[in-house]
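Chemist: Dropping in data_20.json, with JSON, C-alpha atoms and all ligand atoms.
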```json
[["chain", "number", "residue", "atom", "x", "y", "z"],
["R", 229, "MET", "CA", 0.00, 0.00, 0.00],
["R", 230, "LYS", "CA", 1.32, 3.42, -0.88],
["R", 231, "ARG", "CA", 1.43, 6.12, 1.77],
["R", 232, "ARG", "CA", -1.14, 8.17, -0.10],
["R", 233, "ASP", "CA", -3.56, 5.26, -0.24],
["R", 234, "PHE", "CA", -3.00, 4.64, 3.44],
["R", 235, "LEU", "CA", -3.86, 8.24, 4.22],
["R", 236, "LYS", "CA", -6.90, 8.02, 1.98],
["R", 237, "ILE", "CA", -8.11, 4.96, 3.83],
["R", 238, "LEU", "CA", -7.72, 6.77, 7.14],
["R", 239, "ALA", "CA", -9.53, 9.75, 5.71],
["R", 240, "ILE", "CA", -12.55, 7.94, 4.37],
["R", 241, "GLY", "CA", -12.71, 5.41, 7.17],
["R", 242, "ALA", "CA", -12.67, 2.43, 4.84],
["R", 243, "LEU", "CA", -11.50, -1.15, 5.49],
["R", 244, "GLY", "CA", -14.76, -1.83, 7.23],
["R", 245, "TRP", "CA", -13.61, -0.59, 10.62],
["R", 246, "GLY", "CA", -16.19, 2.13, 10.60],
["R", 247, "ILE", "CA", -13.60, 4.75, 11.46],
["R", 248, "THR", "CA", -15.36, 8.00, 12.05],
["R", 249, "PRO", "CA", -13.34, 11.18, 12.53],
["R", 250, "GLU", "CA", -14.13, 10.84, 16.24],
["R", 251, "VAL", "CA", -12.65, 7.39, 16.49],
["R", 252, "ARG", "CA", -9.74, 8.39, 14.33],
["R", 253, "ALA", "CA", -8.95, 11.17, 16.75],
["R", 254, "GLN", "CA", -8.82, 8.78, 19.65],
["R", 255, "ASN", "CA", -6.04, 6.34, 19.26],
["R", 256, "ILE", "CA", -3.79, 4.56, 16.84],
["R", 257, "GLU", "CA", -3.84, 1.37, 18.89],
["R", 258, "MET", "CA", -7.00, 0.13, 17.20],
["R", 259, "LEU", "CA", -5.35, 0.31, 13.81],
["R", 260, "LYS", "CA", -2.71, -2.13, 14.95],
["R", 261, "LYS", "CA", -5.38, -4.72, 15.62],
["R", 262, "SER", "CA", -6.33, -4.89, 11.98],
["R", 263, "PRO", "CA", -4.07, -7.14, 9.95],
["R", 264, "SER", "CA", -3.13, -5.69, 6.61],
["R", 265, "GLU", "CA", -0.16, -5.80, 4.31],
["R", 266, "ASN", "CA", 2.47, -3.15, 5.11],
["R", 267, "LEU", "CA", 0.24, -1.60, 7.72],
["R", 268, "ASP", "CA", 2.91, -1.86, 10.38],
["R", 269, "ASP", "CA", 5.36, 0.07, 8.24],
["R", 270, "HIS", "CA", 2.82, 2.77, 7.57],
["R", 271, "ILE", "CA", 1.97, 3.06, 11.23],
["R", 272, "LYS", "CA", 5.65, 3.26, 12.14],
["R", 273, "ASP", "CA", 6.17, 5.93, 9.50],
["R", 274, "TYR", "CA", 3.12, 7.84, 10.72],
["R", 275, "LEU", "CA", 4.16, 7.67, 14.38],
["R", 276, "ASN", "CA", 7.68, 8.74, 13.50],
["R", 277, "LYS", "CA", 6.34, 11.80, 11.73],
["R", 278, "MET", "CA", 4.10, 12.62, 14.64],
["R", 279, "GLN", "CA", 6.92, 12.25, 17.17],
["R", 280, "TYR", "CA", 9.21, 14.45, 15.09],
["R", 281, "PHE", "CA", 6.38, 16.63, 13.82],
["R", 282, "ASN", "CA", 8.60, 19.66, 13.44],
["R", 283, "LYS", "CA", 11.23, 17.88, 11.37],
["R", 284, "SER", "CA", 11.10, 17.42, 7.62],
["R", 285, "HIS", "CA", 10.45, 13.95, 6.23],
["R", 286, "GLU", "CA", 11.26, 12.61, 2.81],
["R", 287, "ASP", "CA", 7.75, 12.53, 1.37],
["R", 288, "ASP", "CA", 6.61, 15.85, 2.84],
["R", 289, "VAL", "CA", 4.72, 18.14, 0.46],
["R", 290, "ARG", "CA", 6.51, 21.38, -0.29],
["R", 291, "ILE", "CA", 5.66, 24.57, -2.16],
["R", 292, "ASP", "CA", 7.37, 24.26, -5.53],
["R", 293, "SER", "CA", 9.95, 26.72, -6.79],
["R", 294, "VAL", "CA", 7.57, 28.28, -9.34],
["R", 295, "THR", "CA", 5.01, 29.12, -6.67],
["R", 296, "TYR", "CA", 7.51, 30.21, -4.03],
["R", 297, "LYS", "CA", 7.73, 33.84, -5.09],
["R", 298, "VAL", "CA", 3.98, 34.43, -4.93],
["R", 299, "PHE", "CA", 3.87, 32.55, -1.61],
["R", 300, "ALA", "CA", 6.56, 34.85, -0.15],
["R", 301, "SER", "CA", 4.84, 38.03, -1.35],
["R", 302, "THR", "CA", 1.49, 36.82, 0.07],
["R", 303, "VAL", "CA", 3.11, 36.24, 3.48],
["R", 304, "MET", "CA", 4.51, 39.78, 3.50],
["R", 305, "ARG", "CA", 1.17, 41.28, 2.49],
["R", 306, "PHE", "CA", -0.56, 39.38, 5.29],
["R", 307, "LYS", "CA", 1.95, 40.81, 7.78],
["R", 308, "ARG", "CA", 1.26, 44.36, 6.61],
["R", 309, "LEU", "CA", -2.49, 43.72, 6.65],
["R", 310, "GLN", "CA", -2.39, 42.48, 10.25],
["R", 311, "GLN", "CA", -0.33, 45.50, 11.26],
["R", 312, "ILE", "CA", -2.89, 47.93, 9.84],
["R", 313, "VAL", "CA", -5.97, 46.02, 11.03],
["R", 314, "GLY", "CA", -4.57, 45.31, 14.52],
["R", 315, "HIS", "CA", -4.09, 41.90, 16.17],
["R", 316, "GLY", "CA", -7.54, 41.82, 17.81],
["R", 317, "ASN", "CA", -9.58, 42.71, 14.73],
["R", 318, "PHE", "CA", -7.47, 40.45, 12.56],
["R", 319, "GLN", "CA", -8.65, 37.40, 14.54],
["R", 320, "ILE", "CA", -12.09, 37.64, 12.99],
["R", 321, "LEU", "CA", -11.35, 39.36, 9.69],
["R", 322, "SER", "CA", -13.01, 37.79, 6.65],
["R", 323, "PHE", "CA", -11.28, 37.13, 3.33],
["R", 324, "ASP", "CA", -13.37, 39.72, 1.47],
["R", 325, "ASP", "CA", -12.80, 42.43, 4.08],
["R", 326, "GLY", "CA", -9.09, 41.64, 4.12],
["R", 327, "LEU", "CA", -8.91, 42.12, 0.36],
["R", 328, "LYS", "CA", -10.91, 45.34, 0.58],
["R", 329, "ILE", "CA", -8.70, 46.83, 3.29],
["R", 330, "ALA", "CA", -5.53, 45.85, 1.44],
["R", 331, "ARG", "CA", -6.85, 47.66, -1.65],
["R", 332, "ARG", "CA", -7.63, 50.76, 0.35],
["R", 333, "TYR", "CA", -4.30, 51.10, 2.19],
["R", 334, "SER", "CA", -1.27, 51.77, 0.05],
["R", 335, "LYS", "CA", 0.93, 50.61, 2.95],
["R", 336, "ILE", "CA", -0.48, 47.12, 2.39],
["R", 337, "GLY", "CA", -1.10, 47.20, -1.33],
["R", 338, "LYS", "CA", -3.82, 45.14, -3.00],
["R", 339, "PHE", "CA", -3.48, 41.39, -3.28],
["R", 340, "SER", "CA", -2.42, 40.63, -6.85],
["R", 341, "LYS", "CA", -4.38, 38.23, -9.05],
["R", 342, "THR", "CA", -1.69, 35.58, -8.68],
["R", 343, "GLU", "CA", -1.70, 35.99, -4.89],
["R", 344, "ILE", "CA", -5.48, 35.54, -4.80],
["R", 345, "LYS", "CA", -5.17, 32.50, -7.04],
["R", 346, "PHE", "CA", -2.48, 31.10, -4.74],
["R", 347, "MET", "CA", -4.73, 31.63, -1.70],
["R", 348, "GLU", "CA", -7.61, 29.91, -3.47],
["R", 349, "MET", "CA", -5.34, 27.03, -4.36],
["R", 350, "ILE", "CA", -4.18, 26.63, -0.74],
["R", 351, "PHE", "CA", -7.71, 26.95, 0.65],
["R", 352, "TYR", "CA", -9.32, 24.45, -1.69],
["R", 353, "GLU", "CA", -6.45, 21.93, -1.67],
["R", 354, "GLU", "CA", -7.33, 18.65, 0.03],
["R", 355, "ALA", "CA", -5.25, 18.91, 3.22],
["R", 356, "GLN", "CA", -5.08, 15.14, 3.19],
["R", 357, "HIS", "CA", -2.46, 15.62, 0.51],
["R", 358, "TYR", "CA", -0.13, 17.11, 3.16],
["R", 359, "GLY", "CA", -0.99, 14.41, 5.69],
["R", 360, "PHE", "CA", -3.64, 16.39, 7.60],
["R", 361, "LEU", "CA", -6.75, 14.28, 8.09],
["R", 362, "GLY", "CA", -9.06, 16.45, 10.16],
["R", 363, "GLN", "CA", -12.45, 17.76, 9.07],
["R", 364, "LYS", "CA", -13.07, 21.06, 7.34],
["R", 365, "PRO", "CA", -15.64, 23.05, 9.31],
["R", 366, "MET", "CA", -15.32, 26.18, 7.15],
["R", 367, "ASN", "CA", -15.89, 25.27, 3.55],
["R", 368, "LYS", "CA", -15.86, 28.53, 1.71],
["R", 369, "LEU", "CA", -12.98, 30.96, 1.47],
["R", 370, "THR", "CA", -15.51, 33.72, 1.96],
["R", 371, "ASP", "CA", -17.07, 32.29, 5.16],
["R", 372, "ARG", "CA", -17.46, 35.04, 7.75],
["R", 373, "ILE", "CA", -17.53, 35.22, 11.54],
["R", 374, "LYS", "CA", -20.77, 36.99, 12.49],
["R", 375, "ILE", "CA", -19.89, 39.92, 14.77],
["R", 376, "LYS", "CA", -23.22, 39.62, 16.58],
["R", 377, "GLU", "CA", -22.37, 36.09, 17.68],
["R", 378, "VAL", "CA", -19.02, 36.87, 19.26],
["R", 379, "ILE", "CA", -17.59, 38.75, 22.21],
["R", 380, "LYS", "CA", -14.13, 40.15, 22.83],
["R", 381, "VAL", "CA", -12.74, 38.69, 26.01],
["R", 382, "PRO", "CA", -11.20, 41.54, 28.04],
["R", 383, "HIS", "CA", -7.39, 41.66, 28.42],
["R", 384, "THR", "CA", -6.81, 38.76, 26.02],
["R", 385, "GLY", "CA", -7.04, 40.24, 22.52],
["R", 386, "ASN", "CA", -9.17, 37.20, 21.68],
["R", 387, "TYR", "CA", -12.80, 36.61, 20.80],
["R", 388, "LEU", "CA", -15.12, 33.80, 21.81],
["R", 389, "TYR", "CA", -18.55, 32.80, 20.52],
["R", 390, "LYS", "CA", -21.38, 33.67, 22.86],
["R", 391, "GLY", "CA", -23.15, 30.63, 24.22],
["R", 392, "LEU", "CA", -21.34, 27.38, 24.88],
["R", 393, "PRO", "CA", -17.73, 28.48, 24.15],
["R", 394, "LEU", "CA", -17.99, 31.58, 26.36],
["R", 395, "GLU", "CA", -19.84, 29.66, 29.07],
["R", 396, "THR", "CA", -17.20, 26.93, 28.96],
["R", 397, "PHE", "CA", -14.37, 29.44, 29.34],
["R", 398, "GLU", "CA", -16.15, 31.28, 32.17],
["R", 399, "LYS", "CA", -16.70, 28.01, 34.00],
["R", 400, "ILE", "CA", -13.07, 27.01, 33.51],
["R", 401, "LYS", "CA", -11.97, 30.35, 34.95],
["R", 402, "GLN", "CA", -14.27, 29.95, 37.91],
["R", 403, "ARG", "CA", -13.09, 26.45, 38.67],
["R", 404, "VAL", "CA", -9.38, 26.72, 37.79],
["R", 405, "GLY", "CA", -8.85, 30.28, 38.98],
["R", 406, "GLU", "CA", -7.09, 33.37, 37.70],
["R", 407, "GLN", "CA", -4.02, 31.42, 36.62],
["R", 408, "VAL", "CA", -5.82, 30.12, 33.53],
["R", 409, "VAL", "CA", -5.63, 32.36, 30.45],
["R", 410, "LEU", "CA", -7.27, 32.33, 27.06],
["R", 411, "THR", "CA", -4.33, 32.05, 24.64],
["R", 412, "SER", "CA", -6.33, 31.81, 21.40],
["R", 413, "GLY", "CA", -10.03, 32.11, 20.71],
["R", 414, "ILE", "CA", -11.94, 32.47, 17.47],
["R", 415, "ARG", "CA", -9.80, 32.51, 14.38],
["R", 416, "GLY", "CA", -11.42, 33.46, 11.11],
["R", 417, "ILE", "CA", -10.21, 32.40, 7.67],
["R", 418, "MET", "CA", -7.62, 35.18, 7.38],
["R", 419, "LYS", "CA", -6.09, 34.58, 10.81],
["R", 420, "GLN", "CA", -5.79, 30.85, 10.18],
["R", 421, "PHE", "CA", -4.37, 31.62, 6.75],
["R", 422, "MET", "CA", -1.72, 33.84, 8.25],
["R", 423, "LEU", "CA", -0.73, 31.33, 10.94],
["R", 424, "PHE", "CA", -0.48, 28.60, 8.32],
["R", 425, "LEU", "CA", 1.52, 30.68, 5.84],
["R", 426, "ASN", "CA", 3.85, 32.04, 8.54],
["R", 427, "LYS", "CA", 4.66, 28.56, 9.71],
["R", 428, "ALA", "CA", 5.11, 27.43, 6.10],
["R", 429, "ASN", "CA", 7.50, 30.33, 5.66],
["R", 430, "GLN", "CA", 9.52, 29.26, 8.70],
["R", 431, "THR", "CA", 9.80, 25.76, 7.26],
["R", 432, "ASN", "CA", 10.84, 26.95, 3.79],
["R", 433, "GLY", "CA", 7.52, 26.00, 2.27],
["R", 434, "ASN", "CA", 7.09, 22.56, 3.85],
["R", 435, "LEU", "CA", 3.29, 22.23, 4.01],
["R", 436, "SER", "CA", 3.41, 18.85, 5.74],
["R", 437, "ILE", "CA", 5.47, 20.11, 8.72],
["R", 438, "THR", "CA", 3.15, 23.08, 8.81],
["R", 439, "SER", "CA", -0.05, 21.06, 8.87],
["R", 440, "ARG", "CA", 1.26, 18.79, 11.62],
["R", 441, "SER", "CA", 1.20, 21.87, 13.88],
["R", 442, "ILE", "CA", -1.34, 24.23, 12.37],
["R", 443, "ALA", "CA", -4.57, 23.28, 10.65],
["R", 444, "PRO", "CA", -4.75, 24.65, 7.10],
["R", 445, "PRO", "CA", -7.24, 27.53, 6.62],
["R", 446, "GLY", "CA", -10.80, 26.21, 6.75],
["R", 447, "TYR", "CA", -9.76, 23.13, 8.73],
["R", 448, "SER", "CA", -9.47, 24.81, 12.13],
["R", 449, "PHE", "CA", -12.15, 24.40, 14.76],
["R", 450, "HIS", "CA", -11.10, 27.78, 16.13],
["R", 451, "GLY", "CA", -13.47, 29.00, 13.44],
["R", 452, "ASN", "CA", -16.51, 27.64, 15.21],
["R", 453, "GLY", "CA", -16.07, 27.29, 18.93],
["R", 454, "ASP", "CA", -12.85, 25.67, 20.11],
["R", 455, "PHE", "CA", -10.24, 27.68, 21.98],
["R", 456, "ASP", "CA", -6.80, 27.36, 23.58],
["R", 457, "VAL", "CA", -5.93, 27.93, 27.21],
["R", 458, "GLY", "CA", -2.68, 28.25, 29.09],
["R", 459, "GLN", "CA", -1.00, 29.02, 32.37],
["R", 460, "ALA", "CA", -0.58, 32.73, 33.12],
["R", 461, "GLY", "CA", 3.04, 33.77, 32.70],
["R", 462, "PHE", "CA", 4.03, 30.59, 30.85],
["R", 463, "GLY", "CA", 4.21, 32.38, 27.47],
["R", 464, "ALA", "CA", 4.96, 30.43, 24.32],
["R", 465, "ALA", "CA", 5.57, 27.27, 26.38],
["R", 466, "ASN", "CA", 1.79, 27.04, 26.69],
["R", 467, "PHE", "CA", 1.88, 25.69, 23.13],
["R", 468, "THR", "CA", 4.36, 22.91, 23.91],
["R", 469, "GLU", "CA", 4.05, 19.60, 25.73],
["R", 470, "ARG", "CA", 5.54, 21.36, 28.75],
["R", 471, "PHE", "CA", 2.05, 22.74, 29.30],
["R", 472, "THR", "CA", 1.16, 19.30, 30.72],
["R", 473, "ASN", "CA", 3.43, 20.07, 33.73],
["R", 474, "THR", "CA", 1.47, 23.16, 34.73],
["R", 475, "GLU", "CA", -1.08, 23.52, 37.50],
["R", 476, "VAL", "CA", -3.66, 24.67, 34.96],
["R", 477, "TYR", "CA", -3.28, 21.50, 32.92],
["R", 478, "LYS", "CA", -3.53, 19.32, 36.02],
["R", 479, "LYS", "CA", -6.68, 21.05, 37.20],
["R", 480, "LEU", "CA", -8.30, 20.96, 33.75],
["R", 481, "ASN", "CA", -7.57, 17.28, 33.60],
["R", 482, "GLU", "CA", -9.06, 16.61, 37.05],
["R", 483, "LEU", "CA", -12.16, 18.60, 36.15],
["R", 484, "GLY", "CA", -12.68, 16.65, 32.92],
["R", 485, "TYR", "CA", -12.20, 19.51, 30.47],
["R", 486, "LEU", "CA", -9.58, 17.77, 28.41],
["R", 487, "LYS", "CA", -11.70, 16.01, 25.84],
["R", 488, "LEU", "CA", -9.07, 16.95, 23.36],
["R", 489, "ARG", "CA", -9.51, 17.58, 19.69],
["R", 490, "TYR", "CA", -5.96, 16.33, 19.08],
["R", 491, "PRO", "CA", -5.05, 13.77, 21.75],
["R", 492, "LYS", "CA", -1.77, 11.92, 21.98],
["R", 493, "LYS", "CA", -1.34, 9.42, 19.14],
["R", 494, "ASN", "CA", -4.36, 10.78, 17.26],
["R", 495, "LEU", "CA", -4.86, 9.63, 13.70],
["R", 496, "LEU", "CA", -5.50, 13.04, 12.24],
["R", 497, "GLY", "CA", -1.91, 13.87, 11.38],
["R", 498, "VAL", "CA", -1.77, 16.56, 14.04],
["R", 499, "ARG", "CA", 0.66, 16.79, 16.97],
["R", 500, "PHE", "CA", -0.58, 16.35, 20.54],
["R", 501, "GLU", "CA", -2.33, 19.58, 21.60],
["R", 502, "PRO", "CA", -3.14, 19.37, 25.32],
["R", 503, "TRP", "CA", -4.01, 23.08, 25.41],
["R", 504, "HIS", "CA", -6.78, 22.94, 22.80],
["R", 505, "ILE", "CA", -10.25, 22.77, 24.35],
["R", 506, "LYS", "CA", -12.81, 21.03, 22.21],
["R", 507, "VAL", "CA", -16.11, 22.79, 22.72],
["R", 508, "ARG", "CA", -18.27, 21.37, 19.96],
["R", 509, "THR", "CA", -18.20, 17.74, 21.00],
["R", 510, "GLU", "CA", -20.67, 16.60, 18.32],
["R", 511, "ILE", "CA", -18.06, 17.27, 15.60],
["R", 601, "ZN", "ZN", -6.11, 25.30, 19.31]]
```
Would you write out, as structure tokens, the structure that this file holds?
Modeler:
Amino acid sequence: MKRRDFLKILAIGALGWGITPEVRAQNIEMLKKSPSENLDDHIKDYLNKMQYFNKSHEDDVRIDSVTYKVFASTVMRFKRLQQIVGHGNFQILSFDDGLKIARRYSKIGKFSKTEIKFMEMIFYEEAQHYGFLGQKPMNKLTDRIKIKEVIKVPHTGNYLYKGLPLETFEKIKQRVGEQVVLTSGIRGIMKQFMLFLNKANQTNGNLSITSRSIAPPGYSFHGNGDFDVGQAGFGAANFTERFTNTEVYKKLNELGYLKLRYPKKNLLGVRFEPWHIKVRTEI
């Protein structure tokens, strides 16, 4: 079995195991129970990639040399756009509004036709191709976050949806105490795009390394309810496995809040994310 076929099988839940995305997110152990040619090798390869998620692997998908220039100019334009719009507003900025603002401000400069085409290509690419096997909750590049449905959480620079996500965060704060902080809330298409492209830039265009850490635009559940938490004062380490040593993590675990979207040894092609709170448990 070729790696691509293997990934396809995981993605469509074939082989008669009835693998739903939920089950797939749970554990790789069940896969091992199913005898199949070369499966062991594929699992080993998969686990190796997940363990060294930030390293490049031979069959990783990379941005080709022809596309690299437009990729680099898009990254720079995103940076200028975020600077003008401001970090807070940028979290929920839509694609159309981003384009409009870029056109209006000469400091940003309008997105060129090739840049827009590149963004469309990235957005509508099957992320499975990179090795990312999660669902895609935002299907259209032009999907918007409705302002009426969200609230800016004071002192965090982040937004949360009213209703269950906000209630969940409030309850967490009540039960865990002031030491818990909201490190990332709602992320619209543009924010997710920027995170994805920035990471791709740091990895010299390696989209597989990128997608092992950051969901491609459209594929992030930060678009519809999930959020990240951390320990106050722990900074960037909140987004590493070291977060599991913190008081906040221990308390969240005790209180049963860690029904993770990306648990250890998940089958979604995403590193372990103990800080990511899954709010919408039905998806
Ligand atoms: Zn997250």
Chemist: Given the choices R:Ser293, R:Ser412, R:Thr396, R:Ser334, which gets closest to Tyr485 (chain R) if the distance is worked out from all atoms listed in the file?
Modeler: R:Thr396
Chemist: Please build the interface table for region 320-348 of chain R against region 305-310 of chain R with a cut-off of 8 Å, listing for each qualifying residue the nearest atom pair and the distance in Å to one decimal; count all atoms listed in the file, order rows by chain and increasing number, and write it as CSV.
Modeler:
```
residue,atom,partner,partner_atom,distance
R:Gly326,CA,R:Leu309,CA,7.4
R:Ile329,CA,R:Leu309,CA,7.7
R:Ala330,CA,R:Leu309,CA,6.4
R:Lys335,CA,R:Arg308,CA,7.3
R:Ile336,CA,R:Arg308,CA,5.3
R:Gly337,CA,R:Arg305,CA,7.4
R:Phe339,CA,R:Arg305,CA,7.4
```
Chemist: If you measure from CA of Phe281 (chain R) to CA of Arg499 (chain R), what distance in Å do you get, rounded to one decimal?
Modeler: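 CA of Phe281 (chain R) sits 6.5 Å away from CA of Arg499 (chain R).
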Chemist: Can you pull out the residues contacting Asp292 (chain R)? Cut-off 10 Å, using all atoms listed in the file, and skip same-chain residues under 5 positions away; I want them as an NGL selection string.
Modeler: :R and (297 or 299 or 433-434)
Chemist: Find the distance between CA of Asn426 (chain R) and CA of Met366 (chain R) and write it in Å to one decimal.
Modeler: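 So the answer is 20.1 Å.
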Chemist: Considering only C-alpha atoms and all ligand atoms, give me a table of residues in chain R that are at most 9 Å from ligand ZN 601 (chain R), with the closest atom pair and distance in Å for each, as a tab-separated table.
Modeler:
```
residue	atom	partner	partner_atom	distance
R:Thr411	CA	R:ZN601	ZN	8.8
R:Ser412	CA	R:ZN601	ZN	6.8
R:Gly413	CA	R:ZN601	ZN	8.0
R:Ile442	CA	R:ZN601	ZN	8.5
R:Ser448	CA	R:ZN601	ZN	7.9
R:Phe449	CA	R:ZN601	ZN	7.6
R:His450	CA	R:ZN601	ZN	6.4
R:Asp454	CA	R:ZN601	ZN	6.8
R:Phe455	CA	R:ZN601	ZN	5.5
R:Asp456	CA	R:ZN601	ZN	4.8
R:Val457	CA	R:ZN601	ZN	8.3
R:Phe467	CA	R:ZN601	ZN	8.9
R:Arg489	CA	R:ZN601	ZN	8.4
R:Tyr490	CA	R:ZN601	ZN	9.0
R:Glu501	CA	R:ZN601	ZN	7.2
R:Pro502	CA	R:ZN601	ZN	9.0
R:Trp503	CA	R:ZN601	ZN	6.8
R:His504	CA	R:ZN601	ZN	4.3
R:Ile505	CA	R:ZN601	ZN	7.0
R:Lys506	CA	R:ZN601	ZN	8.5
```
Chemist: Write out, as a PDB file, in the frame of the given file, the residues just selected, with C-alpha atoms.
Modeler:
```
ATOM      1  CA  THR R 411      -4.330  32.050  24.640  1.00  0.00           C
ATOM      2  CA  SER R 412      -6.330  31.810  21.400  1.00  0.00           C
ATOM      3  CA  GLY R 413     -10.030  32.110  20.710  1.00  0.00           C
ATOM      4  CA  ILE R 442      -1.340  24.230  12.370  1.00  0.00           C
ATOM      5  CA  SER R 448      -9.470  24.810  12.130  1.00  0.00           C
ATOM      6  CA  PHE R 449     -12.150  24.400  14.760  1.00  0.00           C
ATOM      7  CA  HIS R 450     -11.100  27.780  16.130  1.00  0.00           C
ATOM      8  CA  ASP R 454     -12.850  25.670  20.110  1.00  0.00           C
ATOM      9  CA  PHE R 455     -10.240  27.680  21.980  1.00  0.00           C
ATOM     10  CA  ASP R 456      -6.800  27.360  23.580  1.00  0.00           C
ATOM     11  CA  VAL R 457      -5.930  27.930  27.210  1.00  0.00           C
ATOM     12  CA  PHE R 467       1.880  25.690  23.130  1.00  0.00           C
ATOM     13  CA  ARG R 489      -9.510  17.580  19.690  1.00  0.00           C
ATOM     14  CA  TYR R 490      -5.960  16.330  19.080  1.00  0.00           C
ATOM     15  CA  GLU R 501      -2.330  19.580  21.600  1.00  0.00           C
ATOM     16  CA  PRO R 502      -3.140  19.370  25.320  1.00  0.00           C
ATOM     17  CA  TRP R 503      -4.010  23.080  25.410  1.00  0.00           C
ATOM     18  CA  HIS R 504      -6.780  22.940  22.800  1.00  0.00           C
ATOM     19  CA  ILE R 505     -10.250  22.770  24.350  1.00  0.00           C
ATOM     20  CA  LYS R 506     -12.810  21.030  22.210  1.00  0.00           C
TER      21      LYS R 506
END
```
Chemist: From the list R:Val408, R:Arg372, R:Lys380, R:Arg331, which residue is nearest Asn466 (chain R) when using all atoms listed in the file?
Modeler: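 Closest to Asn466 (chain R), using all atoms listed in the file: R:Val408.
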Chemist: What is the CA of Leu275 (chain R)-CA of Leu425 (chain R) distance in Å, reported with one decimal?
Modeler: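 Answer for the CA of Leu275 (chain R) to CA of Leu425 (chain R) separation: 24.7 Å.
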Chemist: With all atoms listed in the file as the atoms that count, which of R:Leu480, R:Ala443, R:Ala465, R:Ala460 lies nearest to Leu361 (chain R)?
Modeler: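 Residue with the minimum atom-to-atom distance to Leu361 (chain R): R:Ala443.
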Chemist: Which residues, written as a PyMOL selection string, have at least one atom at most 12 Å from Phe323 (chain R), with all atoms listed in the file counted and residues fewer than 2 positions away on the same chain left out?
Modeler: chain R and resi 306+309+318-321+325-330+339+344+347-348+351+368-373+416-422+445-446
Chemist: Give me, as an mmCIF file with C-alpha atoms, in the frame of the given file, all polymer residues having an atom no more than 6 Å from Ser436 (chain R), counting only C-alpha atoms and skipping those fewer than 6 positions away in the same chain.
Modeler:
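Output saved as result-v3.cif:
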```
data_model
loop_
_atom_site.group_PDB
_atom_site.id
_atom_site.type_symbol
_atom_site.label_atom_id
_atom_site.label_comp_id
_atom_site.auth_asym_id
_atom_site.auth_seq_id
_atom_site.Cartn_x
_atom_site.Cartn_y
_atom_site.Cartn_z
ATOM 1 C CA ASP R 288 6.610 15.850 2.840
ATOM 2 C CA VAL R 289 4.720 18.140 0.460
ATOM 3 C CA TYR R 358 -0.130 17.110 3.160
#
```
